[in-house]
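Participant: my_file-v8.tsv (TSV, C-alpha atoms and all ligand atoms) pasted underneath:
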chain	number	residue	atom	x	y	z
A	935	MET	CA	27.89	9.91	8.09
A	936	VAL	CA	26.01	13.03	7.01
A	937	GLU	CA	24.74	12.72	3.45
A	938	VAL	CA	22.66	15.86	3.35
A	939	ARG	CA	24.01	19.36	3.12
A	940	ALA	CA	21.22	21.78	3.91
A	941	GLU	CA	23.64	24.63	4.10
A	942	ARG	CA	23.79	27.97	2.41
A	943	ALA	CA	25.26	27.16	-1.00
A	944	SER	CA	28.41	29.03	-1.90
A	945	GLY	CA	27.66	31.75	-4.42
A	946	HIS	CA	23.96	31.53	-3.51
A	947	PRO	CA	23.46	33.55	-0.34
A	948	GLU	CA	19.84	32.45	-0.05
A	949	GLY	CA	20.29	28.99	-1.58
A	950	ILE	CA	19.76	25.56	-0.09
A	951	THR	CA	21.64	22.52	-1.39
A	952	VAL	CA	20.45	18.95	-0.87
A	953	ARG	CA	21.97	15.93	-2.51
A	954	ALA	CA	20.44	12.55	-3.29
A	955	PRO	CA	22.14	9.27	-4.20
A	956	ALA	CA	22.04	6.90	-7.17
A	957	LYS	CA	20.34	3.56	-6.71
A	958	ILE	CA	21.07	0.11	-7.93
A	959	ASN	CA	18.62	-2.77	-7.77
A	960	LEU	CA	20.22	-5.77	-6.09
A	961	HIS	CA	17.03	-7.64	-6.96
A	962	LEU	CA	14.41	-6.60	-9.49
A	963	GLY	CA	11.46	-8.95	-9.86
A	964	VAL	CA	8.89	-7.80	-12.43
A	965	GLY	CA	5.35	-9.16	-12.85
A	966	ALA	CA	2.80	-8.94	-15.67
A	967	PRO	CA	1.56	-5.39	-16.39
A	968	ARG	CA	-1.31	-4.13	-14.24
A	969	GLU	CA	-4.45	-2.50	-15.62
A	970	ASP	CA	-2.81	0.93	-15.33
A	971	GLY	CA	0.10	-0.26	-17.53
A	972	PHE	CA	2.67	-0.25	-14.72
A	973	HIS	CA	4.40	-3.49	-13.75
A	974	PRO	CA	4.21	-4.83	-10.19
A	975	LEU	CA	7.71	-4.97	-8.70
A	976	MET	CA	9.49	-6.69	-5.84
A	977	THR	CA	12.82	-4.96	-5.69
A	978	VAL	CA	15.73	-4.49	-3.30
A	979	TYR	CA	17.01	-0.96	-3.72
A	980	HIS	CA	20.52	-0.05	-2.60
A	981	ALA	CA	21.78	3.56	-2.53
A	982	VAL	CA	25.42	4.21	-3.48
A	983	ASP	CA	27.59	7.28	-3.06
A	984	LEU	CA	27.20	8.78	-6.52
A	985	TYR	CA	25.19	11.96	-5.96
A	986	ASP	CA	23.25	14.64	-7.74
A	987	ALA	CA	23.29	17.89	-5.75
A	988	VAL	CA	20.35	20.25	-6.19
A	989	THR	CA	20.61	23.92	-5.21
A	990	VAL	CA	17.45	26.01	-5.03
A	991	THR	CA	17.26	29.80	-4.75
A	992	PRO	CA	14.24	32.11	-4.67
A	993	ALA	CA	13.22	33.41	-8.12
A	994	GLU	CA	10.25	35.00	-9.90
A	995	ASP	CA	9.99	32.18	-12.45
A	996	TRP	CA	11.00	28.54	-12.67
A	997	SER	CA	14.33	27.85	-14.37
A	998	VAL	CA	16.85	25.03	-14.27
A	999	GLY	CA	20.57	24.69	-14.96
A	1000	VAL	CA	22.56	21.47	-15.16
A	1001	VAL	CA	26.31	20.93	-14.83
A	1002	ALA	CA	28.33	17.72	-14.73
A	1003	ASP	CA	30.08	16.69	-11.53
A	1004	GLY	CA	32.89	14.63	-13.02
A	1005	PRO	CA	32.71	12.73	-16.31
A	1006	ILE	CA	28.91	12.65	-16.66
A	1007	ASP	CA	27.33	13.45	-20.03
A	1008	VAL	CA	24.48	15.86	-19.19
A	1009	THR	CA	23.39	16.67	-22.74
A	1010	GLY	CA	20.20	14.56	-22.44
A	1011	VAL	CA	18.84	16.38	-19.38
A	1012	PRO	CA	15.80	18.55	-20.22
A	1013	LEU	CA	16.20	22.19	-19.19
A	1014	GLY	CA	12.59	23.34	-19.39
A	1015	ASP	CA	9.37	22.65	-17.55
A	1016	THR	CA	9.67	18.93	-18.26
A	1017	ASN	CA	12.70	18.64	-15.97
A	1018	ILE	CA	11.57	16.40	-13.12
A	1019	ALA	CA	13.05	18.73	-10.47
A	1020	VAL	CA	10.88	21.59	-11.77
A	1021	ARG	CA	7.86	19.28	-11.81
A	1022	ALA	CA	8.67	18.38	-8.19
A	1023	GLY	CA	8.87	22.06	-7.23
A	1024	ARG	CA	5.59	22.93	-8.93
A	1025	ALA	CA	3.88	19.94	-7.29
A	1026	LEU	CA	5.13	20.97	-3.83
A	1027	ALA	CA	3.98	24.58	-4.32
A	1028	ALA	CA	0.57	23.46	-5.64
A	1029	HIS	CA	0.08	21.03	-2.75
A	1030	HIS	CA	0.55	23.89	-0.26
A	1031	GLY	CA	-1.49	26.35	-2.35
A	1032	LEU	CA	1.57	28.58	-2.89
A	1033	ASP	CA	2.31	30.74	-5.91
A	1034	ARG	CA	6.09	30.45	-5.72
A	1035	ALA	CA	8.96	29.62	-8.07
A	1036	ALA	CA	12.69	28.98	-7.77
A	1037	ARG	CA	15.92	28.70	-9.69
A	1038	ILE	CA	17.11	25.06	-9.61
A	1039	GLU	CA	20.72	24.14	-10.25
A	1040	ILE	CA	21.61	20.49	-10.61
A	1041	ARG	CA	25.16	19.19	-10.30
A	1042	LYS	CA	25.00	15.68	-11.74
A	1043	GLY	CA	27.26	12.91	-10.50
A	1044	ILE	CA	24.81	10.14	-11.46
A	1045	PRO	CA	24.91	8.80	-15.05
A	1046	VAL	CA	21.96	10.15	-17.09
A	1047	ALA	CA	19.27	7.74	-18.45
A	1048	GLY	CA	21.31	4.88	-17.08
A	1049	GLY	CA	18.91	2.98	-14.84
A	1050	MET	CA	20.43	4.51	-11.68
A	1051	ALA	CA	17.49	6.84	-10.97
A	1052	GLY	CA	19.35	10.12	-11.47
A	1053	GLY	CA	16.15	11.95	-12.41
A	1054	SER	CA	14.43	10.50	-9.36
A	1055	ALA	CA	17.32	11.69	-7.19
A	1056	ASP	CA	16.86	15.22	-8.60
A	1057	ALA	CA	13.14	15.15	-7.83
A	1058	ALA	CA	13.69	13.93	-4.27
A	1059	ALA	CA	16.46	16.47	-3.59
A	1060	ALA	CA	14.34	19.29	-5.07
A	1061	LEU	CA	11.38	18.38	-2.85
A	1062	VAL	CA	13.53	18.42	0.31
A	1063	ALA	CA	15.46	21.57	-0.67
A	1064	LEU	CA	12.36	23.58	-1.60
A	1065	ASP	CA	10.52	22.37	1.49
A	1066	ARG	CA	13.36	23.89	3.54
A	1067	LEU	CA	13.74	27.03	1.41
A	1068	TRP	CA	10.05	27.81	1.83
A	1069	GLY	CA	9.95	26.74	5.50
A	1070	LEU	CA	7.08	24.33	4.87
A	1071	ALA	CA	8.07	21.44	7.18
A	1072	SER	CA	5.90	19.05	5.11
A	1073	ASP	CA	5.10	15.80	6.88
A	1074	ASP	CA	6.33	12.46	5.53
A	1075	ALA	CA	2.91	11.53	4.09
A	1076	THR	CA	3.01	14.68	1.95
A	1077	LEU	CA	6.60	14.24	0.76
A	1078	PHE	CA	6.23	10.54	0.01
A	1079	GLY	CA	2.87	11.10	-1.72
A	1080	LEU	CA	4.32	13.80	-3.98
A	1081	ALA	CA	7.41	11.64	-4.59
A	1082	ALA	CA	5.34	8.63	-5.67
A	1083	ASP	CA	3.33	10.79	-8.10
A	1084	LEU	CA	6.59	12.03	-9.68
A	1085	GLY	CA	8.01	8.57	-10.39
A	1086	SER	CA	8.26	5.02	-9.10
A	1087	ASP	CA	11.85	5.43	-7.81
A	1088	VAL	CA	11.45	8.87	-6.20
A	1089	PRO	CA	10.31	7.69	-2.72
A	1090	PHE	CA	13.42	5.50	-2.49
A	1091	ALA	CA	15.64	8.50	-3.31
A	1092	LEU	CA	14.18	10.20	-0.22
A	1093	VAL	CA	15.17	7.36	2.14
A	1094	GLY	CA	18.19	5.69	0.51
A	1095	ARG	CA	20.17	2.91	2.26
A	1096	ASN	CA	18.61	-0.51	1.56
A	1097	ALA	CA	14.89	-0.79	0.99
A	1098	LEU	CA	12.33	-3.25	-0.27
A	1099	GLY	CA	10.27	-1.68	-3.05
A	1100	THR	CA	6.79	-3.01	-3.86
A	1101	GLY	CA	3.73	-1.76	-5.75
A	1102	ARG	CA	5.24	-0.21	-8.89
A	1103	GLY	CA	8.40	0.43	-6.82
A	1104	GLU	CA	7.02	3.44	-4.95
A	1105	GLU	CA	6.14	1.66	-1.70
A	1106	VAL	CA	9.41	1.49	0.22
A	1107	GLU	CA	10.24	-0.26	3.44
A	1108	GLN	CA	13.69	0.21	4.98
A	1109	LEU	CA	15.78	-2.98	5.23
A	1110	PRO	CA	18.82	-3.81	7.39
A	1111	GLY	CA	22.31	-2.82	6.37
A	1112	VAL	CA	22.14	0.76	7.53
A	1113	GLU	CA	25.81	1.46	8.25
A	1114	SER	CA	28.82	-0.67	7.39
A	1115	PRO	CA	29.65	-3.19	6.08
A	1116	ARG	CA	29.93	-1.47	2.77
A	1117	TRP	CA	29.24	-2.89	-0.63
A	1118	TRP	CA	31.53	-1.84	-3.48
A	1119	VAL	CA	30.42	-1.48	-7.05
A	1120	VAL	CA	32.12	-0.53	-10.31
A	1121	VAL	CA	29.99	1.38	-12.79
A	1122	PRO	CA	31.25	1.87	-16.36
A	1123	ALA	CA	29.35	4.53	-18.33
A	1124	ALA	CA	27.35	2.51	-20.84
A	1125	GLY	CA	26.94	5.03	-23.66
A	1126	ASP	CA	23.54	5.89	-25.12
A	1127	GLY	CA	20.74	5.74	-22.59
A	1128	LEU	CA	17.79	3.37	-22.75
A	1129	SER	CA	14.25	4.60	-22.22
A	1130	THR	CA	12.62	2.90	-19.24
A	1131	PRO	CA	9.21	2.47	-20.98
A	1132	ALA	CA	10.95	0.91	-24.01
A	1133	VAL	CA	12.68	-1.65	-21.79
A	1134	TYR	CA	9.41	-2.53	-20.04
A	1135	ARG	CA	7.72	-2.87	-23.46
A	1136	ARG	CA	10.44	-5.26	-24.60
A	1137	PHE	CA	10.03	-7.21	-21.33
A	1138	ASP	CA	6.31	-7.65	-22.22
A	1139	GLU	CA	7.23	-8.88	-25.71
A	1140	LEU	CA	9.88	-11.32	-24.48
A	1141	ILE	CA	7.85	-12.62	-21.53
A	1142	PRO	CA	4.18	-12.41	-22.53
A	1143	ASP	CA	3.23	-14.88	-19.80
A	1144	ALA	CA	4.97	-13.17	-16.87
A	1145	PRO	CA	3.31	-14.14	-13.56
A	1146	PRO	CA	1.17	-11.48	-11.86
A	1147	GLN	CA	3.29	-11.77	-8.72
A	1148	PRO	CA	6.91	-10.66	-9.20
A	1149	ARG	CA	9.72	-12.88	-7.98
A	1150	ALA	CA	10.63	-12.22	-4.32
A	1151	PRO	CA	14.22	-11.58	-3.18
A	1152	HIS	CA	14.16	-14.55	-0.77
A	1153	ARG	CA	17.62	-15.00	0.79
A	1154	LEU	CA	19.19	-11.76	-0.47
A	1155	VAL	CA	17.82	-9.71	2.41
A	1156	GLU	CA	19.84	-11.79	4.92
A	1157	PHE	CA	23.03	-10.72	3.17
A	1158	LEU	CA	22.42	-7.01	3.42
A	1159	GLU	CA	23.96	-6.81	6.86
A	1160	ASP	CA	26.79	-9.11	5.97
A	1161	PRO	CA	27.90	-9.02	2.31
A	1162	ASP	CA	29.65	-12.21	1.35
A	1163	PRO	CA	30.86	-13.66	-1.98
A	1164	ASP	CA	27.98	-16.14	-1.72
A	1165	VAL	CA	25.58	-13.28	-2.34
A	1166	ALA	CA	26.60	-13.05	-6.01
A	1167	PRO	CA	24.19	-15.67	-7.39
A	1168	LEU	CA	21.31	-14.05	-5.48
A	1169	LEU	CA	21.53	-10.78	-7.42
A	1170	HIS	CA	18.80	-10.77	-10.04
A	1171	ASN	CA	17.21	-8.47	-12.61
A	1172	ASP	CA	14.13	-9.56	-14.59
A	1173	LEU	CA	14.65	-6.58	-16.95
A	1174	GLN	CA	18.15	-7.70	-17.92
A	1175	PRO	CA	17.12	-9.88	-20.92
A	1176	ALA	CA	15.06	-6.96	-22.30
A	1177	ALA	CA	17.91	-4.47	-21.80
A	1178	LEU	CA	20.40	-6.88	-23.44
A	1179	ASP	CA	18.02	-7.41	-26.33
A	1180	LEU	CA	17.96	-3.64	-26.96
A	1181	ARG	CA	21.69	-3.23	-26.28
A	1182	PRO	CA	23.43	-6.53	-27.22
A	1183	ASP	CA	26.85	-4.91	-26.73
A	1184	LEU	CA	26.28	-4.97	-22.96
A	1185	ALA	CA	26.78	-8.75	-22.83
A	1186	ALA	CA	30.48	-8.30	-23.63
A	1187	LEU	CA	30.78	-5.65	-20.92
A	1188	LEU	CA	29.20	-7.97	-18.33
A	1189	GLU	CA	31.65	-10.71	-19.30
A	1190	ALA	CA	34.64	-8.35	-19.16
A	1191	GLY	CA	33.80	-7.16	-15.65
A	1192	GLU	CA	33.36	-10.66	-14.31
A	1193	ALA	CA	36.57	-11.80	-16.04
A	1194	ALA	CA	38.34	-8.89	-14.31
A	1195	GLY	CA	37.33	-10.28	-10.91
A	1196	ALA	CA	33.90	-8.83	-10.08
A	1197	LEU	CA	31.72	-11.13	-7.99
A	1198	ARG	CA	28.86	-10.41	-10.36
A	1199	GLY	CA	27.90	-8.06	-13.17
A	1200	LEU	CA	24.28	-6.98	-13.52
A	1201	VAL	CA	22.29	-4.52	-15.59
A	1202	SER	CA	21.10	-1.78	-13.22
A	1203	GLY	CA	17.31	-1.38	-13.30
A	1204	SER	CA	16.19	-0.81	-16.88
A	1205	GLY	CA	19.81	-0.19	-17.93
A	1206	PRO	CA	21.93	0.40	-19.89
A	1207	THR	CA	24.27	1.01	-16.94
A	1208	CYS	CA	25.87	-2.20	-15.71
A	1209	VAL	CA	27.10	-2.52	-12.14
A	1210	PHE	CA	29.74	-4.91	-10.92
A	1211	LEU	CA	29.61	-6.03	-7.31
A	1212	CYS	CA	33.07	-6.44	-5.79
A	1213	ALA	CA	34.20	-8.00	-2.54
A	1214	ASP	CA	35.99	-4.90	-1.23
A	1215	GLU	CA	37.53	-1.59	-2.24
A	1216	SER	CA	40.75	-3.06	-3.60
A	1217	GLY	CA	38.76	-5.53	-5.70
A	1218	ALA	CA	36.66	-2.67	-7.06
A	1219	LEU	CA	39.74	-0.62	-7.95
A	1220	GLU	CA	41.23	-3.59	-9.77
A	1221	VAL	CA	38.06	-4.19	-11.81
A	1222	SER	CA	37.83	-0.48	-12.65
A	1223	ARG	CA	41.49	-0.41	-13.79
A	1224	SER	CA	40.88	-3.36	-16.05
A	1225	LEU	CA	37.66	-1.92	-17.57
A	1226	ARG	CA	39.29	1.47	-18.16
A	1227	ALA	CA	41.36	-0.15	-20.93
A	1228	SER	CA	38.15	-0.37	-23.01
A	1229	TYR	CA	35.71	2.08	-21.44
A	1230	ASP	CA	36.43	5.80	-21.06
A	1231	VAL	CA	34.44	6.46	-17.93
A	1232	VAL	CA	34.41	3.96	-15.07
A	1233	LEU	CA	33.06	5.05	-11.68
A	1234	VAL	CA	33.67	3.31	-8.36
A	1235	ALA	CA	30.99	3.66	-5.70
A	1236	SER	CA	30.00	2.16	-2.39
A	1237	GLY	CA	26.91	1.96	-0.27
A	1238	PRO	CA	24.65	2.02	1.56
A	1239	VAL	CA	24.18	5.79	1.99
A	1240	THR	CA	21.20	7.80	3.16
A	1241	GLY	CA	18.72	9.48	0.82
A	1242	ALA	CA	17.73	13.11	0.33
A	1243	LEU	CA	16.03	13.26	3.74
A	1244	GLY	CA	19.34	12.38	5.40
A	1245	ARG	CA	17.88	10.20	8.13
B	1	LIG	O1	7.41	5.68	-12.59
B	1	LIG	P1	8.32	6.11	-13.67
B	1	LIG	O2	8.00	7.48	-14.18
B	1	LIG	O3	9.75	5.96	-13.33
B	1	LIG	O4	8.05	5.12	-14.87
B	1	LIG	C1	8.49	5.38	-16.17
B	1	LIG	C2	7.87	4.37	-17.10
B	1	LIG	O5	8.43	3.07	-16.84
B	1	LIG	C3	6.37	4.17	-16.93
B	1	LIG	O6	5.64	5.08	-17.73
B	1	LIG	C4	6.15	2.75	-17.39
B	1	LIG	O7	6.16	2.67	-18.80
B	1	LIG	C5	7.42	2.07	-16.92
B	1	LIG	N1	7.28	1.42	-15.60
B	1	LIG	C6	6.52	0.26	-15.50
B	1	LIG	N2	6.38	-0.36	-14.29
B	1	LIG	C7	6.99	0.15	-13.19
B	1	LIG	C8	7.77	1.31	-13.27
B	1	LIG	C9	7.90	1.93	-14.50
B	1	LIG	O8	5.96	-0.23	-16.49
B	1	LIG	N3	6.85	-0.50	-12.04
Take the structure from the file and write it as structure tokens.

Facilitator:
Amino acid sequence: MVEVRAERASGHPEGITVRAPAKINLHLGVGAPREDGFHPLMTVYHAVDLYDAVTVTPAEDWSVGVVADGPIDVTGVPLGDTNIAVRAGRALAAHHGLDRAARIEIRKGIPVAGGMAGGSADAAAALVALDRLWGLASDDATLFGLAADLGSDVPFALVGRNALGTGRGEEVEQLPGVESPRWWVVVPAAGDGLSTPAVYRRFDELIPDAPPQPRAPHRLVEFLEDPDPDVAPLLHNDLQPAALDLRPDLAALLEAGEAAGALRGLVSGSGPTCVFLCADESGALEVSRSLRASYDVVLVASGPVTGALGR
């Protein structure tokens, strides 16, 4: 399956489009904060086929435009220099000593501020697209170094599929489960976003004695090649109590999804998006039908899929 389109974008004769996937965390173990304030993580990332597509075209100055691909609310996405795709572009140009800029257009299919790393996907896709537009052929060490500086989840958005994330999440190691079998998830839009730092702060308040070493994903990795209903109890998110504390309404959503037949409902990353793991496509469609009675926007996705690098 080809997940990267490095083609000339329609309407942009000189444009390059690269897309990057959303992530969910099948396991998210969080340790006590380090001296730099970040939390050590042991996480199992899984990329699903909800994508942001980033199109870059040559321009005199940096600018960014954002449109929704489907029922995504894009009002919270910054349009100025603080947009992470622009920061990625500036960092790439600076690394190579170039005085260049670009127009960046983002078509968002990943829920915004939802714990699915949509901003990280934009950064990863912008790095790959601009690297091609400018003919830089940056090596992996450069791309992954820039990605890690941009955000803890950005290196994973470059590789996708299944990966073990350590450090603050930025050190990624590919795990099995590269092609099929596929995992199916149902993703209801969870309303107002949660800020990642706020969720980590609440984690520190709720668990002041968190161990320095985050919890490891033990048996989960064995299931990546062979999803099975028995995997459900192995899914885990240490940030879930903090996210539920900030958004108590999510508890009812988690119950509703499981009552509708999902193997397991889990807050994704720092939330507020909840993901429901289902046994197969028909199970996922049934859960999504049931949740649509109460939630306006319910997405169905499957994985694993490749990241922005497309390999
Ligand atoms: O790396 P990223 O920019 O995604 O992190 C956003 C914020 O989330 C950080 O400033 C920090 O407050 C928190 N964070 C953390 N530990 C991590 C990842 C993120 O405390 N491992």

Participant: When you look at A:Pro1238 with a cut-off of 7 Å (counting only C-alpha atoms), what residues show up, excluding the ones that are within fewer than 2 positions of it in the same chain? I need them as a VMD selection string.

Facilitator: chain A and resid 980 to 982 1095 to 1096 1112 to 1113 1116 1236 1240

Participant: Please produce an output containing C-alpha atoms for each residue in the selection, written as a JSON list (two decimals), keeping the file's coordinate frame.

Facilitator:
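Final output, saved to result19.json:
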[["chain", "number", "residue", "atom", "x", "y", "z"],
["A", 980, "HIS", "CA", 20.52, -0.05, -2.60],
["A", 981, "ALA", "CA", 21.78, 3.56, -2.53],
["A", 982, "VAL", "CA", 25.42, 4.21, -3.48],
["A", 1095, "ARG", "CA", 20.17, 2.91, 2.26],
["A", 1096, "ASN", "CA", 18.61, -0.51, 1.56],
["A", 1112, "VAL", "CA", 22.14, 0.76, 7.53],
["A", 1113, "GLU", "CA", 25.81, 1.46, 8.25],
["A", 1116, "ARG", "CA", 29.93, -1.47, 2.77],
["A", 1236, "SER", "CA", 30.00, 2.16, -2.39],
["A", 1240, "THR", "CA", 21.20, 7.80, 3.16]]

Participant: If I wrap all listed atoms of ligand LIG 1 (chain B) in a box with edges along x, y and z and add 8 Å on each side, what are its centre and edge lengths in Å to one decimal, as AutoDock Vina command-line options?

Facilitator:
--center_x 7.7 --center_y 3.5 --center_z -15.4 --size_x 20.1 --size_y 24.0 --size_z 22.8

Participant: Using all atoms listed in the file, which of the listed residues (A:Gly1237, A:Gly1004, A:Gly1085, A:Gly999) sits closest to A:Ile1040?

Facilitator: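 Going through A:Gly1237, A:Gly1004, A:Gly1085, A:Gly999 one by one, the smallest distance to A:Ile1040 is for A:Gly999.
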
Participant: Might you pull out every residue within 10 Å of A:Ala987, with only C-alpha atoms counted and same-chain residues fewer than 5 positions away left off, and present them as number ranges by chain?

Facilitator: A: 938-939, 951-955, 1003, 1039-1044, 1055-1056, 1059-1060, 1242

Participant: Please provide the set of residues having any atom within 10 Å of A:Ile1018, restricted to only C-alpha atoms, with same-chain residues fewer than 3 positions apart removed, written as a list in words.

Facilitator: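 Result of the neighbour search: Val1011, Pro1012, Leu1013, Gly1014, Asp1015, Arg1021, Ala1022, Gly1023, Arg1024, Gly1053, Ser1054, Ala1055, Asp1056, Ala1057, Ala1058, Ala1060, Leu1084 and Gly1085 of chain A.
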
Participant: I'd like the contact shell of A:Ala1227 - 12 Å cut-off, all atoms listed in the file, skipping same-chain residues fewer than 2 positions apart - returned as an MDAnalysis selection string.

Facilitator: chainID A and resid 1122 1187 1190:1191 1194 1220:1225 1229:1232

Participant: Could you tell me which of A:Gln1174, A:Thr991, A:Ser1086, A:Asn1017 comes closest to ligand LIG 1 (chain B) if we count only C-alpha atoms and all ligand atoms?

Facilitator: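 Answer, going by the shortest atom-to-atom distance: A:Ser1086.
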
Participant: Of the candidates A:Val1000, A:Leu1158, A:Ala1213, A:Leu1061, which one gets nearest to A:Ala1027 if we count all atoms listed in the file?

Facilitator: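 Going through A:Val1000, A:Leu1158, A:Ala1213, A:Leu1061 one by one, the smallest distance to A:Ala1027 is for A:Leu1061.
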
Participant: Neighbours of ligand LIG 1 (chain B) within 9 Å, counting all atoms listed in the file, as number ranges by chain?

Facilitator: A: 964-965, 967-968, 970-975, 1051, 1053-1054, 1082-1088, 1100-1104, 1129-1135, 1204
